[in-house]
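A.B. asks: So here's run_0.cif, just mmCIF, C-alpha atoms:
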data_target
loop_
_atom_site.label_atom_id
_atom_site.label_comp_id
_atom_site.auth_asym_id
_atom_site.auth_seq_id
_atom_site.Cartn_x
_atom_site.Cartn_y
_atom_site.Cartn_z
CA MET A 1094 23.23 -66.50 25.45
CA VAL A 1095 21.32 -68.86 23.13
CA ALA A 1096 17.96 -70.08 24.36
CA LEU A 1097 17.46 -73.83 24.20
CA PRO A 1098 14.27 -75.27 22.72
CA SER A 1099 11.62 -76.07 25.31
CA MET A 1100 11.08 -79.66 26.40
CA LYS A 1101 7.84 -79.69 24.42
CA ALA A 1102 9.73 -78.73 21.29
CA ARG A 1103 12.59 -81.13 21.98
CA ASP A 1104 10.45 -84.21 22.62
CA GLY A 1105 9.79 -84.54 18.89
CA ARG A 1106 6.02 -84.27 19.34
CA ARG A 1107 5.54 -80.56 18.66
CA ALA A 1108 6.80 -80.69 15.11
CA GLY A 1109 5.51 -78.18 12.57
CA GLN A 1110 5.95 -75.32 15.04
CA GLU A 1111 8.83 -72.90 15.52
CA GLY A 1112 10.96 -73.72 18.52
CA GLU A 1113 12.43 -71.10 20.84
CA ALA A 1114 15.75 -71.31 18.95
CA GLY A 1115 13.95 -70.34 15.74
CA LEU A 1116 14.13 -73.83 14.22
CA VAL A 1117 11.31 -74.61 11.80
CA MET A 1118 9.99 -78.09 12.42
CA ALA A 1119 8.32 -80.41 9.93
CA GLU A 1120 5.50 -82.29 11.61
CA ILE A 1121 4.82 -85.76 10.25
CA ILE A 1122 1.07 -85.90 9.66
CA SER A 1123 0.79 -89.19 7.76
CA ALA A 1124 2.72 -92.26 6.72
CA ARG A 1125 1.42 -95.11 4.63
CA VAL A 1126 2.67 -98.24 2.95
CA ILE A 1127 2.24 -98.94 -0.77
CA VAL A 1128 2.60 -102.51 -2.06
CA THR A 1129 2.88 -103.07 -5.79
CA CYS A 1130 4.03 -105.80 -8.17
CA PRO A 1131 5.14 -104.45 -11.57
CA ASP A 1132 6.85 -107.74 -12.54
CA ARG A 1133 8.01 -108.23 -8.92
CA ASN A 1134 6.95 -107.15 -5.43
CA PHE A 1135 8.01 -103.82 -3.95
CA VAL A 1136 7.09 -102.19 -0.64
CA THR A 1137 7.30 -98.40 -0.41
CA LEU A 1138 6.72 -96.06 2.54
CA ARG A 1139 5.46 -92.53 1.88
CA ILE A 1140 5.74 -89.94 4.66
CA GLU A 1141 4.06 -86.53 4.50
CA THR A 1142 4.69 -83.44 6.63
CA ALA A 1143 2.34 -80.61 7.57
CA ASP A 1144 3.61 -78.35 4.79
CA GLY A 1145 2.80 -80.97 2.15
CA THR A 1146 6.36 -82.22 1.60
CA THR A 1147 6.54 -85.96 0.98
CA GLY A 1148 9.37 -88.46 1.09
CA ILE A 1149 9.55 -92.11 0.11
CA GLY A 1150 11.65 -95.05 1.24
CA ASP A 1151 12.08 -98.64 0.06
CA ALA A 1152 10.96 -101.39 2.47
CA THR A 1153 11.25 -104.43 0.20
CA LEU A 1154 12.43 -107.68 1.82
CA ASN A 1155 12.56 -110.28 -0.91
CA GLY A 1156 10.22 -113.19 -0.14
CA ARG A 1157 9.12 -111.72 3.20
CA GLU A 1158 7.60 -108.44 2.02
CA LEU A 1159 4.39 -108.54 4.04
CA ALA A 1160 6.28 -109.04 7.30
CA VAL A 1161 7.78 -105.57 6.83
CA VAL A 1162 4.39 -104.16 5.80
CA SER A 1163 2.92 -105.32 9.11
CA TYR A 1164 5.91 -104.06 11.09
CA LEU A 1165 5.50 -100.62 9.56
CA GLN A 1166 1.73 -100.36 9.71
CA ASP A 1167 1.17 -101.95 13.11
CA HIS A 1168 4.25 -100.84 15.02
CA VAL A 1169 6.23 -98.02 13.39
CA ILE A 1170 3.78 -95.61 11.75
CA PRO A 1171 1.81 -94.91 14.96
CA CYS A 1172 5.09 -93.78 16.55
CA LEU A 1173 5.91 -91.37 13.72
CA ILE A 1174 2.83 -89.18 13.67
CA GLY A 1175 3.53 -85.77 15.22
CA ARG A 1176 7.32 -86.16 15.19
CA ASP A 1177 9.72 -83.72 13.57
CA ALA A 1178 10.81 -85.16 10.22
CA HIS A 1179 14.09 -83.23 10.41
CA ARG A 1180 15.23 -85.16 13.48
CA ILE A 1181 16.51 -88.08 11.42
CA GLU A 1182 19.16 -89.37 13.81
CA ASP A 1183 16.84 -89.16 16.81
CA ILE A 1184 14.07 -91.04 14.99
CA TRP A 1185 16.56 -93.69 13.86
CA GLN A 1186 17.74 -94.24 17.43
CA TYR A 1187 14.14 -94.23 18.67
CA LEU A 1188 13.10 -96.98 16.26
CA TYR A 1189 16.25 -99.03 16.82
CA LYS A 1190 16.67 -98.79 20.58
CA GLY A 1191 13.03 -98.24 21.41
CA ALA A 1192 11.89 -101.60 20.05
CA TYR A 1193 14.16 -103.45 22.53
CA TRP A 1194 14.25 -106.41 20.08
CA ARG A 1195 17.03 -105.02 17.91
CA ARG A 1196 18.40 -105.84 14.49
CA GLY A 1197 17.12 -108.47 12.09
CA PRO A 1198 16.02 -107.97 8.47
CA VAL A 1199 12.39 -107.05 9.17
CA THR A 1200 13.22 -104.40 11.75
CA MET A 1201 16.09 -102.91 9.77
CA CYS A 1202 14.14 -102.79 6.49
CA ALA A 1203 11.37 -100.88 8.27
CA ILE A 1204 13.88 -98.46 9.82
CA ALA A 1205 15.56 -98.03 6.43
CA ALA A 1206 12.28 -97.06 4.78
CA VAL A 1207 11.64 -94.39 7.39
CA ASP A 1208 15.21 -93.14 7.28
CA VAL A 1209 15.36 -92.77 3.50
CA ALA A 1210 11.97 -91.07 3.38
CA LEU A 1211 13.13 -88.55 5.99
CA TRP A 1212 16.34 -87.82 4.07
CA ASP A 1213 14.21 -87.35 0.95
CA ILE A 1214 12.07 -84.80 2.80
CA LYS A 1215 15.06 -82.95 4.24
CA ALA A 1216 16.74 -82.64 0.84
CA LYS A 1217 13.52 -81.46 -0.81
CA VAL A 1218 13.09 -78.78 1.86
CA ALA A 1219 16.69 -77.70 1.21
CA GLY A 1220 16.03 -77.73 -2.54
CA LEU A 1221 19.09 -79.90 -3.14
CA PRO A 1222 19.83 -83.39 -4.46
CA LEU A 1223 20.42 -85.61 -1.46
CA TYR A 1224 24.12 -86.19 -2.11
CA GLN A 1225 24.75 -82.48 -1.51
CA LEU A 1226 23.46 -82.86 2.06
CA LEU A 1227 25.78 -85.84 2.53
CA GLY A 1228 28.86 -83.72 1.86
CA GLY A 1229 28.66 -83.36 -1.91
CA ALA A 1230 30.05 -85.53 -4.67
CA SER A 1231 33.32 -87.37 -4.07
CA ARG A 1232 33.46 -88.49 -7.72
CA GLU A 1233 31.87 -87.85 -11.11
CA GLY A 1234 29.67 -90.94 -10.94
CA CYS A 1235 29.33 -94.42 -9.45
CA MET A 1236 30.93 -97.24 -11.43
CA VAL A 1237 28.46 -100.10 -11.75
CA TYR A 1238 28.73 -103.73 -12.76
CA GLY A 1239 26.24 -105.63 -14.87
CA HIS A 1240 25.31 -109.31 -14.88
CA ALA A 1241 26.38 -111.59 -17.73
CA ASN A 1242 25.04 -115.11 -17.47
CA GLY A 1243 24.30 -118.10 -19.65
CA ALA A 1244 23.78 -121.84 -19.61
CA THR A 1245 27.29 -122.32 -21.02
CA ILE A 1246 30.62 -120.53 -20.87
CA GLU A 1247 30.15 -119.43 -24.48
CA GLU A 1248 26.73 -117.90 -23.75
CA THR A 1249 28.07 -116.08 -20.69
CA ILE A 1250 31.02 -114.63 -22.60
CA ALA A 1251 28.70 -113.46 -25.38
CA GLU A 1252 26.59 -111.66 -22.78
CA ALA A 1253 29.72 -110.12 -21.27
CA VAL A 1254 30.76 -108.81 -24.68
CA ARG A 1255 27.30 -107.27 -25.08
CA HIS A 1256 27.64 -105.51 -21.70
CA VAL A 1257 31.04 -104.12 -22.63
CA GLU A 1258 29.62 -102.84 -25.89
CA GLN A 1259 26.93 -101.04 -23.86
CA GLY A 1260 29.65 -99.24 -21.91
CA TYR A 1261 30.06 -101.37 -18.79
CA LYS A 1262 33.55 -101.31 -17.31
CA ALA A 1263 32.78 -104.16 -14.89
CA VAL A 1264 30.82 -107.38 -15.43
CA ARG A 1265 29.80 -110.22 -13.12
CA LEU A 1266 30.08 -113.65 -14.78
CA GLN A 1267 27.85 -116.61 -13.85
CA ALA A 1268 27.57 -119.72 -16.04
CA GLY A 1269 25.66 -122.95 -15.83
CA VAL A 1270 27.40 -125.86 -14.14
CA PRO A 1271 27.66 -129.01 -16.27
CA GLY A 1272 25.62 -131.79 -14.64
CA LEU A 1273 23.27 -129.46 -12.73
CA LYS A 1274 19.82 -128.59 -14.09
CA SER A 1275 19.87 -125.05 -12.70
CA THR A 1276 22.53 -122.71 -11.34
CA TYR A 1277 22.33 -119.57 -9.22
CA GLY A 1278 22.58 -116.38 -11.28
CA VAL A 1279 21.66 -118.02 -14.60
CA ALA A 1280 18.37 -116.98 -16.18
CA LYS A 1281 15.89 -119.34 -17.80
CA PRO A 1282 16.08 -119.27 -21.62
CA GLY A 1283 14.72 -116.02 -23.02
CA GLN A 1284 14.05 -114.49 -19.58
CA ARG A 1285 15.69 -112.05 -17.18
CA TYR A 1286 17.22 -113.54 -14.09
CA GLU A 1287 14.70 -113.16 -11.25
CA PRO A 1288 15.31 -115.51 -8.33
CA ALA A 1289 11.92 -115.03 -6.59
CA ASP A 1290 10.17 -117.38 -8.98
CA GLY A 1291 7.43 -119.35 -7.23
CA ALA A 1292 4.32 -119.10 -5.07
CA LEU A 1293 6.13 -121.76 -3.02
CA PRO A 1294 9.91 -122.17 -2.96
CA THR A 1295 11.37 -124.06 -5.91
CA GLU A 1296 14.05 -126.60 -5.03
CA SER A 1297 17.42 -126.82 -6.76
CA LEU A 1298 20.15 -129.45 -6.52
CA TRP A 1299 23.73 -128.48 -5.83
CA SER A 1300 27.16 -130.09 -6.17
CA THR A 1301 30.18 -128.20 -4.87
CA GLU A 1302 32.55 -130.53 -6.71
CA LYS A 1303 30.93 -129.91 -10.11
CA TYR A 1304 30.78 -126.18 -9.46
CA LEU A 1305 34.46 -125.87 -8.50
CA ARG A 1306 35.49 -127.61 -11.71
CA SER A 1307 33.55 -125.08 -13.79
CA VAL A 1308 34.65 -121.66 -12.52
CA ALA A 1309 38.29 -121.28 -13.55
CA PRO A 1310 37.60 -122.25 -17.20
CA LEU A 1311 34.93 -119.52 -17.33
CA PHE A 1312 37.39 -116.82 -16.31
CA GLU A 1313 40.20 -118.20 -18.45
CA LYS A 1314 37.93 -117.79 -21.48
CA ALA A 1315 36.74 -114.39 -20.29
CA ARG A 1316 40.25 -112.99 -20.15
CA GLU A 1317 41.04 -114.48 -23.55
CA VAL A 1318 38.02 -112.74 -25.14
CA LEU A 1319 37.58 -109.58 -23.05
CA GLY A 1320 41.19 -108.77 -22.30
CA TRP A 1321 42.43 -107.11 -19.13
CA ASP A 1322 40.72 -103.71 -19.19
CA VAL A 1323 37.35 -105.05 -18.00
CA HIS A 1324 36.75 -105.72 -14.30
CA LEU A 1325 35.45 -109.25 -13.72
CA LEU A 1326 33.41 -110.36 -10.72
CA HIS A 1327 31.88 -113.64 -9.53
CA ASP A 1328 29.29 -114.58 -6.90
CA VAL A 1329 29.64 -117.86 -4.98
CA HIS A 1330 26.40 -117.13 -3.06
CA HIS A 1331 27.53 -118.53 0.31
CA ARG A 1332 28.00 -122.07 -1.00
CA LEU A 1333 31.54 -123.01 -0.02
CA THR A 1334 33.34 -123.83 3.20
CA PRO A 1335 36.29 -121.55 4.00
CA ILE A 1336 38.84 -124.09 2.75
CA GLU A 1337 36.89 -124.64 -0.49
CA ALA A 1338 36.62 -120.89 -0.96
CA ALA A 1339 40.36 -120.51 -0.36
CA ARG A 1340 41.08 -123.11 -3.04
CA LEU A 1341 38.80 -121.30 -5.50
CA GLY A 1342 40.41 -117.98 -4.70
CA VAL A 1343 43.84 -119.42 -5.46
CA GLU A 1344 42.63 -120.93 -8.75
CA LEU A 1345 41.21 -117.55 -9.83
CA GLU A 1346 44.27 -115.47 -8.95
CA PRO A 1347 45.71 -115.59 -12.50
CA TYR A 1348 42.55 -113.87 -13.82
CA ARG A 1349 42.70 -110.89 -11.44
CA LEU A 1350 39.09 -110.72 -10.30
CA PHE A 1351 37.70 -107.44 -9.03
CA TRP A 1352 36.12 -109.54 -6.30
CA LEU A 1353 34.92 -112.98 -5.27
CA GLU A 1354 31.54 -112.42 -3.63
CA ASP A 1355 30.01 -114.26 -0.66
CA PRO A 1356 32.51 -117.14 -0.77
CA THR A 1357 31.20 -118.65 2.48
CA PRO A 1358 28.37 -117.89 4.95
CA ALA A 1359 29.42 -114.94 7.07
CA GLU A 1360 27.63 -115.71 10.34
CA ASN A 1361 31.01 -116.95 11.56
CA GLN A 1362 33.09 -113.93 10.59
CA ALA A 1363 36.28 -115.64 11.73
CA GLY A 1364 35.84 -118.15 8.89
CA PHE A 1365 37.16 -115.52 6.51
CA ARG A 1366 40.57 -115.66 8.21
CA LEU A 1367 41.36 -118.96 6.54
CA ILE A 1368 40.35 -117.65 3.10
CA ARG A 1369 42.40 -114.48 3.59
CA GLU A 1370 45.47 -116.43 4.64
CA LYS A 1371 45.46 -118.54 1.48
CA THR A 1372 44.52 -116.21 -1.39
CA THR A 1373 45.02 -112.67 -2.66
CA THR A 1374 41.76 -112.69 -4.64
CA PRO A 1375 39.72 -109.73 -3.27
CA LEU A 1376 36.71 -110.70 -1.16
CA ALA A 1377 33.27 -109.11 -0.92
CA VAL A 1378 30.41 -109.99 1.39
CA GLY A 1379 27.38 -108.50 3.08
CA GLU A 1380 24.23 -108.24 0.96
CA ILE A 1381 22.28 -109.91 3.79
CA PHE A 1382 23.95 -107.87 6.55
CA ASN A 1383 21.58 -105.75 8.65
CA THR A 1384 23.91 -103.75 10.91
CA ILE A 1385 27.51 -102.77 11.42
CA TRP A 1386 27.83 -105.63 13.90
CA ASP A 1387 27.46 -108.18 11.07
CA ALA A 1388 30.63 -106.78 9.49
CA LYS A 1389 32.57 -105.60 12.56
CA GLN A 1390 35.18 -108.35 12.77
CA LEU A 1391 35.46 -108.68 8.99
CA ILE A 1392 36.29 -104.98 8.71
CA GLU A 1393 38.45 -104.66 11.84
CA GLU A 1394 40.68 -107.55 10.81
CA GLN A 1395 40.63 -106.53 7.13
CA LEU A 1396 39.31 -109.95 6.17
CA ILE A 1397 37.31 -108.48 3.28
CA ASP A 1398 37.93 -105.81 0.67
CA TYR A 1399 34.32 -104.75 -0.01
CA VAL A 1400 31.29 -104.59 2.27
CA ARG A 1401 28.09 -105.23 0.34
CA ALA A 1402 25.45 -104.13 2.86
CA THR A 1403 22.86 -101.92 1.25
CA ILE A 1404 20.47 -99.12 2.16
CA VAL A 1405 17.21 -101.08 2.43
CA HIS A 1406 18.57 -104.04 4.40
CA ALA A 1407 20.95 -102.18 6.70
CA GLY A 1408 18.93 -99.44 8.32
CA GLY A 1409 18.96 -96.73 5.66
CA ILE A 1410 21.40 -94.00 4.74
CA THR A 1411 22.07 -93.07 8.36
CA HIS A 1412 23.40 -96.51 9.27
CA MET A 1413 25.11 -97.18 5.95
CA ARG A 1414 27.15 -94.01 6.43
CA ARG A 1415 28.24 -95.40 9.79
CA ILE A 1416 29.29 -98.69 8.18
CA ALA A 1417 31.16 -96.86 5.40
CA SER A 1418 33.01 -94.61 7.84
CA PHE A 1419 34.11 -97.59 9.93
CA ALA A 1420 35.17 -99.47 6.80
CA ASP A 1421 37.16 -96.49 5.54
CA LEU A 1422 39.36 -96.63 8.64
CA HIS A 1423 40.39 -100.15 7.59
CA GLN A 1424 40.78 -99.62 3.83
CA VAL A 1425 37.58 -101.52 3.06
CA ARG A 1426 35.38 -100.10 0.31
CA THR A 1427 31.66 -100.24 -0.39
CA GLY A 1428 30.02 -102.43 -3.02
CA CYS A 1429 26.30 -102.19 -2.33
CA HIS A 1430 23.89 -104.91 -3.38
CA GLY A 1431 21.79 -103.72 -6.32
CA ALA A 1432 19.67 -106.59 -7.58
CA THR A 1433 16.06 -106.19 -8.71
CA ASP A 1434 14.83 -106.88 -5.17
CA LEU A 1435 15.72 -103.24 -4.52
CA SER A 1436 13.20 -100.78 -5.89
CA PRO A 1437 14.31 -97.70 -7.86
CA VAL A 1438 13.79 -95.81 -4.58
CA CYS A 1439 16.64 -97.77 -3.00
CA MET A 1440 18.78 -97.55 -6.12
CA ALA A 1441 18.49 -93.76 -6.02
CA ALA A 1442 19.41 -93.72 -2.33
CA ALA A 1443 22.38 -96.03 -2.99
CA LEU A 1444 23.66 -93.73 -5.73
CA HIS A 1445 23.42 -90.60 -3.55
CA PHE A 1446 25.25 -92.53 -0.82
CA GLY A 1447 27.86 -93.94 -3.21
CA LEU A 1448 28.51 -90.61 -4.87
CA SER A 1449 29.24 -88.99 -1.53
CA VAL A 1450 31.29 -91.49 0.51
CA PRO A 1451 35.09 -91.39 0.09
CA ASN A 1452 35.53 -95.19 0.06
CA PHE A 1453 33.00 -96.09 -2.60
CA GLY A 1454 34.07 -99.16 -4.58
CA ILE A 1455 31.36 -100.19 -7.03
CA GLN A 1456 27.57 -100.45 -7.29
CA GLU A 1457 25.71 -103.53 -8.52
CA LEU A 1458 23.17 -102.85 -11.29
CA MET A 1459 20.40 -105.15 -12.43
CA PRO A 1460 18.16 -102.92 -14.57
CA HIS A 1461 14.49 -102.95 -13.66
CA THR A 1462 11.76 -103.82 -16.14
CA ALA A 1463 9.88 -101.17 -18.10
CA LYS A 1464 6.84 -101.68 -15.86
CA THR A 1465 8.88 -101.01 -12.73
CA ASP A 1466 10.52 -97.93 -14.23
CA ALA A 1467 7.07 -96.58 -15.13
CA VAL A 1468 5.78 -97.04 -11.57
CA PHE A 1469 8.91 -95.41 -10.13
CA PRO A 1470 9.89 -92.45 -12.37
CA HIS A 1471 13.45 -91.40 -11.53
CA ALA A 1472 16.21 -88.96 -12.32
CA TYR A 1473 19.18 -91.35 -12.15
CA GLY A 1474 20.82 -92.61 -15.32
CA PHE A 1475 23.61 -94.73 -16.81
CA ARG A 1476 26.44 -93.55 -19.06
CA ASP A 1477 29.94 -94.81 -19.82
CA GLY A 1478 29.86 -97.54 -17.19
CA MET A 1479 28.73 -95.23 -14.40
CA MET A 1480 25.48 -94.09 -12.84
CA HIS A 1481 24.59 -90.71 -11.37
CA PRO A 1482 21.58 -89.99 -9.13
CA GLY A 1483 20.73 -86.77 -10.98
CA ASP A 1484 20.28 -83.31 -9.55
CA ALA A 1485 16.56 -83.21 -8.76
CA PRO A 1486 15.81 -82.15 -5.17
CA GLY A 1487 15.65 -85.06 -2.75
CA LEU A 1488 16.15 -88.60 -3.96
CA GLY A 1489 15.00 -87.76 -7.46
CA VAL A 1490 12.55 -90.68 -7.57
CA ASP A 1491 8.81 -90.94 -6.97
CA ILE A 1492 6.04 -93.52 -7.11
CA ASP A 1493 3.04 -93.29 -9.43
CA GLU A 1494 0.42 -94.55 -6.99
CA GLU A 1495 -2.36 -94.80 -9.56
CA LEU A 1496 -0.21 -97.01 -11.77
CA ALA A 1497 1.15 -98.93 -8.78
CA ALA A 1498 -2.40 -99.84 -7.73
CA LYS A 1499 -2.88 -101.75 -10.97
CA TYR A 1500 -0.25 -104.32 -9.98
CA GLU A 1501 -1.41 -106.44 -7.04
CA TYR A 1502 0.94 -108.26 -4.71
CA LYS A 1503 1.84 -111.79 -5.77
CA ARG A 1504 3.45 -114.13 -3.26
CA ALA A 1505 6.90 -115.08 -4.53
CA TYR A 1506 9.55 -117.04 -2.68
CA LEU A 1507 13.26 -117.34 -3.24
CA PRO A 1508 14.44 -120.88 -4.11
CA VAL A 1509 15.93 -123.38 -1.69
CA ASN A 1510 18.92 -125.62 -2.29
CA ARG A 1511 19.63 -129.27 -1.56
CA LEU A 1512 22.73 -131.34 -2.10
CA GLU A 1513 22.40 -134.20 -4.54
CA ASP A 1514 21.81 -136.59 -1.62
CA GLY A 1515 18.83 -134.47 -0.46
CA THR A 1516 20.52 -132.56 2.38
CA MET A 1517 19.30 -128.96 2.81
CA PHE A 1518 22.03 -126.51 1.83
CA ASN A 1519 22.72 -122.81 1.41
CA TRP A 1520 20.93 -121.16 -1.49
#
Just give me the structure of the file as C-alpha cells.

C.D. replies:
Amino acid sequence: MVALPSMKARDGRRAGQEGEAGLVMAEIISARVIVTCPDRNFVTLRIETADGTTGIGDATLNGRELAVVSYLQDHVIPCLIGRDAHRIEDIWQYLYKGAYWRRGPVTMCAIAAVDVALWDIKAKVAGLPLYQLLGGASREGCMVYGHANGATIEETIAEAVRHVEQGYKAVRLQAGVPGLKSTYGVAKPGQRYEPADGALPTESLWSTEKYLRSVAPLFEKAREVLGWDVHLLHDVHHRLTPIEAARLGVELEPYRLFWLEDPTPAENQAGFRLIREKTTTPLAVGEIFNTIWDAKQLIEEQLIDYVRATIVHAGGITHMRRIASFADLHQVRTGCHGATDLSPVCMAAALHFGLSVPNFGIQELMPHTAKTDAVFPHAYGFRDGMMHPGDAPGLGVDIDEELAAKYEYKRAYLPVNRLEDGTMFNW
C-alpha cells in the first residue's frame, strides 16, 4: 500500500522537503522581475528554488509591459513563495482560477512567465533539454519563416531573394501600398521593422481599396522570381471585413500561399465561416489570442488551418500544449507568433514546444538585434531554413542581469490606424 503525501506536503507550501511518498520538492524561495531595453523593452521573470536552481520566463506585453510587471510583483510573486516548483499544473490552475478575473493579456502573460520558468527549472533538475520532457522531438527542427519587406514590390522581392539565399524555405512578403505614406510590416529606410516606435502612439492612414489593389501583383511577381519551391506568406493584420478577406483569398489562390494571416478581426469567430466558404487559401490567426477559448470555434469548425497563439501571450507551455492538442484533433497546425516583441526566452520556449508537438506547422522568426542576443545568451540556432532549441538543460537561454541593467526601460507604443476620412480603424 502506497502512503499518500500528508496534507502539509500536498498544499504546495512545504516545498523543499521530502514528502511521505519520497518525492523531493523544490521550494520557491524568490521570484523577481527584470525589465530591460536592449533596442526594445523586455520583461523577464526569474524564479529560484531552495537548492539554487533558477528558471526564467518571458512576460513581455508589447506596449503594456509595466502592467504585467505590476501584476507579477504585486499579485503573483507573493503567492509563489514557499510553493513546490515541480507542481507546474497545480500552480497554473491556482493562478488562473484563483484570480477569479480570468483571461486577458496581462493575466495570461504573467501566468506564462511563471509557467515557462517552472518548466525551465524542472528540465534543469532532470538534466535534459526541455523538449525531452515534453515527449521528445517529433522532427529534426522547426521550419521558420522570415520577413521580406520593402517600399515597393521590387524591394520586397529583392529582400525575399536574400532570405532564400540565407537558407529560408518560407518567407512572408509585405510591400508598401501605393498612395499610403506607411504600411504595416514595412520598415523605414535603412532600419529593421519595429512597430513599437513612439513614446506616444504614431498614427497611420489606411485605405482598404488601395491595399487590395496592391497584393496580388506582389505575389504574381514573387512566383515569377522565386518559383514554386519557396513557401510564401502574407499578413493582413486584421484589416479586412470577412467578405473583403474572401475576395483577397480568391485573388491569391493562383499563387498558392502557405497562409493568409489575420484576414479579419477574430473576436467574432463565426466571421471566418464566410471566408472559408469562398476561398481555399489557407488561413492563420491568433497572435493576440490568450486562451483556448479564443480559438475554440475556429478550431472546432475547421475555419482556420494554423493557430498562431504563442507561449508568452497564451499562458505558457502548459496552456499552449492544450491548444495544440485540441487543434490536432481537427487537423489544425501551429504557427506561433515570433516577432521581436518576444524575448529570446520565449523563442526558446516556442522552439522546445514546436519541436515536440505532432501538429507543428511553422515558426515565425524575426531575428533579435545584437544587443538583445548579448543580454539573452541562448543555445538555439538557425540552419537550412529551420531552428533547433539546442540540447542544453532547461530552456537553453539565460539573462545577463549585469548587462540588462545597462538598458533602462523606454516607453514605446504600437501605432494606431485611421481611415483616410479620420475614422479609427484596426492597426

A.B. asks: Can you translate the PyMOL selection byres ((chain A and resi 1459) around 9) into the concrete residues it hits in this file, as a list in words?

C.D. replies: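 Selection result, ordered by chain and number: Tyr1238, Gly1239, His1240, Gly1431, Ala1432, Thr1433, Glu1457, Leu1458, Pro1460 and His1461 of chain A.
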
A.B. asks: Restrict the selected residues to C-alpha atoms and save them as a PDB file, keeping the file's coordinate frame.

C.D. replies:
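For reference, result_14.pdb as written:
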ATOM      1  CA  TYR A1238      28.730-103.730 -12.760  1.00  0.00           C
ATOM      2  CA  GLY A1239      26.240-105.630 -14.870  1.00  0.00           C
ATOM      3  CA  HIS A1240      25.310-109.310 -14.880  1.00  0.00           C
ATOM      4  CA  GLY A1431      21.790-103.720  -6.320  1.00  0.00           C
ATOM      5  CA  ALA A1432      19.670-106.590  -7.580  1.00  0.00           C
ATOM      6  CA  THR A1433      16.060-106.190  -8.710  1.00  0.00           C
ATOM      7  CA  GLU A1457      25.710-103.530  -8.520  1.00  0.00           C
ATOM      8  CA  LEU A1458      23.170-102.850 -11.290  1.00  0.00           C
ATOM      9  CA  PRO A1460      18.160-102.920 -14.570  1.00  0.00           C
ATOM     10  CA  HIS A1461      14.490-102.950 -13.660  1.00  0.00           C
TER      11      HIS A1461
END

A.B. asks: Can you tell me, as a ChimeraX atom specification, what residues are no more than 10 Å from Ala1315 (chain A) when counting all atoms listed in the file, ignoring any on the same chain fewer than 6 positions away?

C.D. replies: /A:1246-1247,1249-1251,1253-1254,1266,1309,1321,1323,1325,1348

A.B. asks: To test your reading of the syntax: which residues would the PyMOL selection byres ((chain A and resi 1135) around 8) return for the file shown? Reply as a ChimeraX atom specification.

C.D. replies: /A:1128-1130,1133-1134,1136-1137,1151-1153,1158,1434-1436

A.B. asks: Can you pull out every residue within 9 Å of Ile1181 (chain A), counting all atoms listed in the file, but drop anything in the same chain fewer than 5 positions away, and send it as a PyMOL selection string?

C.D. replies: chain A and resi 1186+1207-1208+1211-1212+1215+1411

A.B. asks: Which is closest to Val1450 (chain A) among A:Thr1427, A:Thr1334, A:Ser1163, A:Thr1384, if we use only C-alpha atoms?

C.D. replies: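 Closest residue, counting only C-alpha atoms: A:Thr1427.
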
A.B. asks: If we count only C-alpha atoms and set the cut-off at 10 Å, which residues sit around Gly1220 (chain A), ignoring sequence neighbours fewer than 6 positions away in its own chain? Please answer as a PyMOL selection string.

C.D. replies: chain A and resi 1214+1484-1487

A.B. asks: Deliver the residues from the most recent selection as a file, using C-alpha atoms, as a PDB file, in the frame of the given file.

C.D. replies:
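Writing done, so here's result.pdb:
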ATOM      1  CA  ILE A1214      12.070 -84.800   2.800  1.00  0.00           C
ATOM      2  CA  ASP A1484      20.280 -83.310  -9.550  1.00  0.00           C
ATOM      3  CA  ALA A1485      16.560 -83.210  -8.760  1.00  0.00           C
ATOM      4  CA  PRO A1486      15.810 -82.150  -5.170  1.00  0.00           C
ATOM      5  CA  GLY A1487      15.650 -85.060  -2.750  1.00  0.00           C
TER       6      GLY A1487
END

A.B. asks: Measuring between only C-alpha atoms, which one of A:Gly1515, A:Gly1408, A:Pro1482, A:Pro1222 shows the shortest distance to Gly1197 (chain A)?

C.D. replies: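 Among the listed residues, A:Gly1408 lies closest to Gly1197 (chain A).
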
A.B. asks: Go through A:Leu1326, A:Gly1447, A:Pro1198, A:Ala1192 one by one, measure the shortest atom-to-atom distance of each to Ala1241 (chain A) using all atoms listed in the file, and give the residue with the smallest value.

C.D. replies: A:Leu1326

A.B. asks: For the provided coordinates, the residues matched by the PyMOL selection byres ((chain A and resi 1338-1343) around 8) should be stated as a list in words.

C.D. replies: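 Selection result, ordered by chain and number: Leu1305, Leu1333, Thr1334, Pro1335, Ile1336, Glu1337, Glu1344, Leu1345, Glu1346, Leu1353, Pro1356, Thr1357, Leu1367, Ile1368, Arg1369, Lys1371, Thr1372, Thr1373 and Thr1374 of chain A.
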
A.B. asks: Between CA of Lys1217 (chain A) and CA of Thr1147 (chain A), measure the distance and give it in Å to one decimal.

C.D. replies: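 Computed distance, CA of Lys1217 (chain A) to CA of Thr1147 (chain A), equals 8.5 Å.
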
A.B. asks: Quick one: everything within 7 Å of Ile1404 (chain A), counting all atoms listed in the file, minus sequence neighbours fewer than 3 positions away in the same chain. Send it as a PyMOL selection string.

C.D. replies: chain A and resi 1205+1407-1410+1413+1439+1443

A.B. asks: Between A:Gly1283, A:Val1468, A:Cys1235, A:Thr1146, which is the closest to Ala1219 (chain A) once you count all atoms listed in the file?

C.D. replies: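 Ranking A:Gly1283, A:Val1468, A:Cys1235, A:Thr1146 by distance to Ala1219 (chain A), first place goes to A:Thr1146.
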
A.B. asks: Calculate how many Å separate CA of Val1318 (chain A) from CA of Arg1349 (chain A), rounding to one decimal.

C.D. replies: 14.6 Å

A.B. asks: Please provide the set of residues having any atom within 10 Å of Phe1453 (chain A), restricted to all atoms listed in the file, with same-chain residues fewer than 5 positions apart removed, written as JSON, numbers by chain.

C.D. replies: {"A": [1231, 1232, 1235, 1236, 1399, 1400, 1417, 1421, 1425, 1426, 1427, 1428, 1429, 1446, 1447, 1448]}

A.B. asks: Measuring between all atoms listed in the file, which one of A:Asp1167, A:Asp1132, A:Glu1394, A:Glu1354 shows the shortest distance to Arg1285 (chain A)?

C.D. replies: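 Comparing A:Asp1167, A:Asp1132, A:Glu1394, A:Glu1354 against Arg1285 (chain A), the winner is A:Asp1132.
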
A.B. asks: Find the distance between CA of Ala1289 (chain A) and CA of Gly1364 (chain A) and write it in Å to one decimal.

C.D. replies: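 Between these atoms lies a distance of 28.7 Å.
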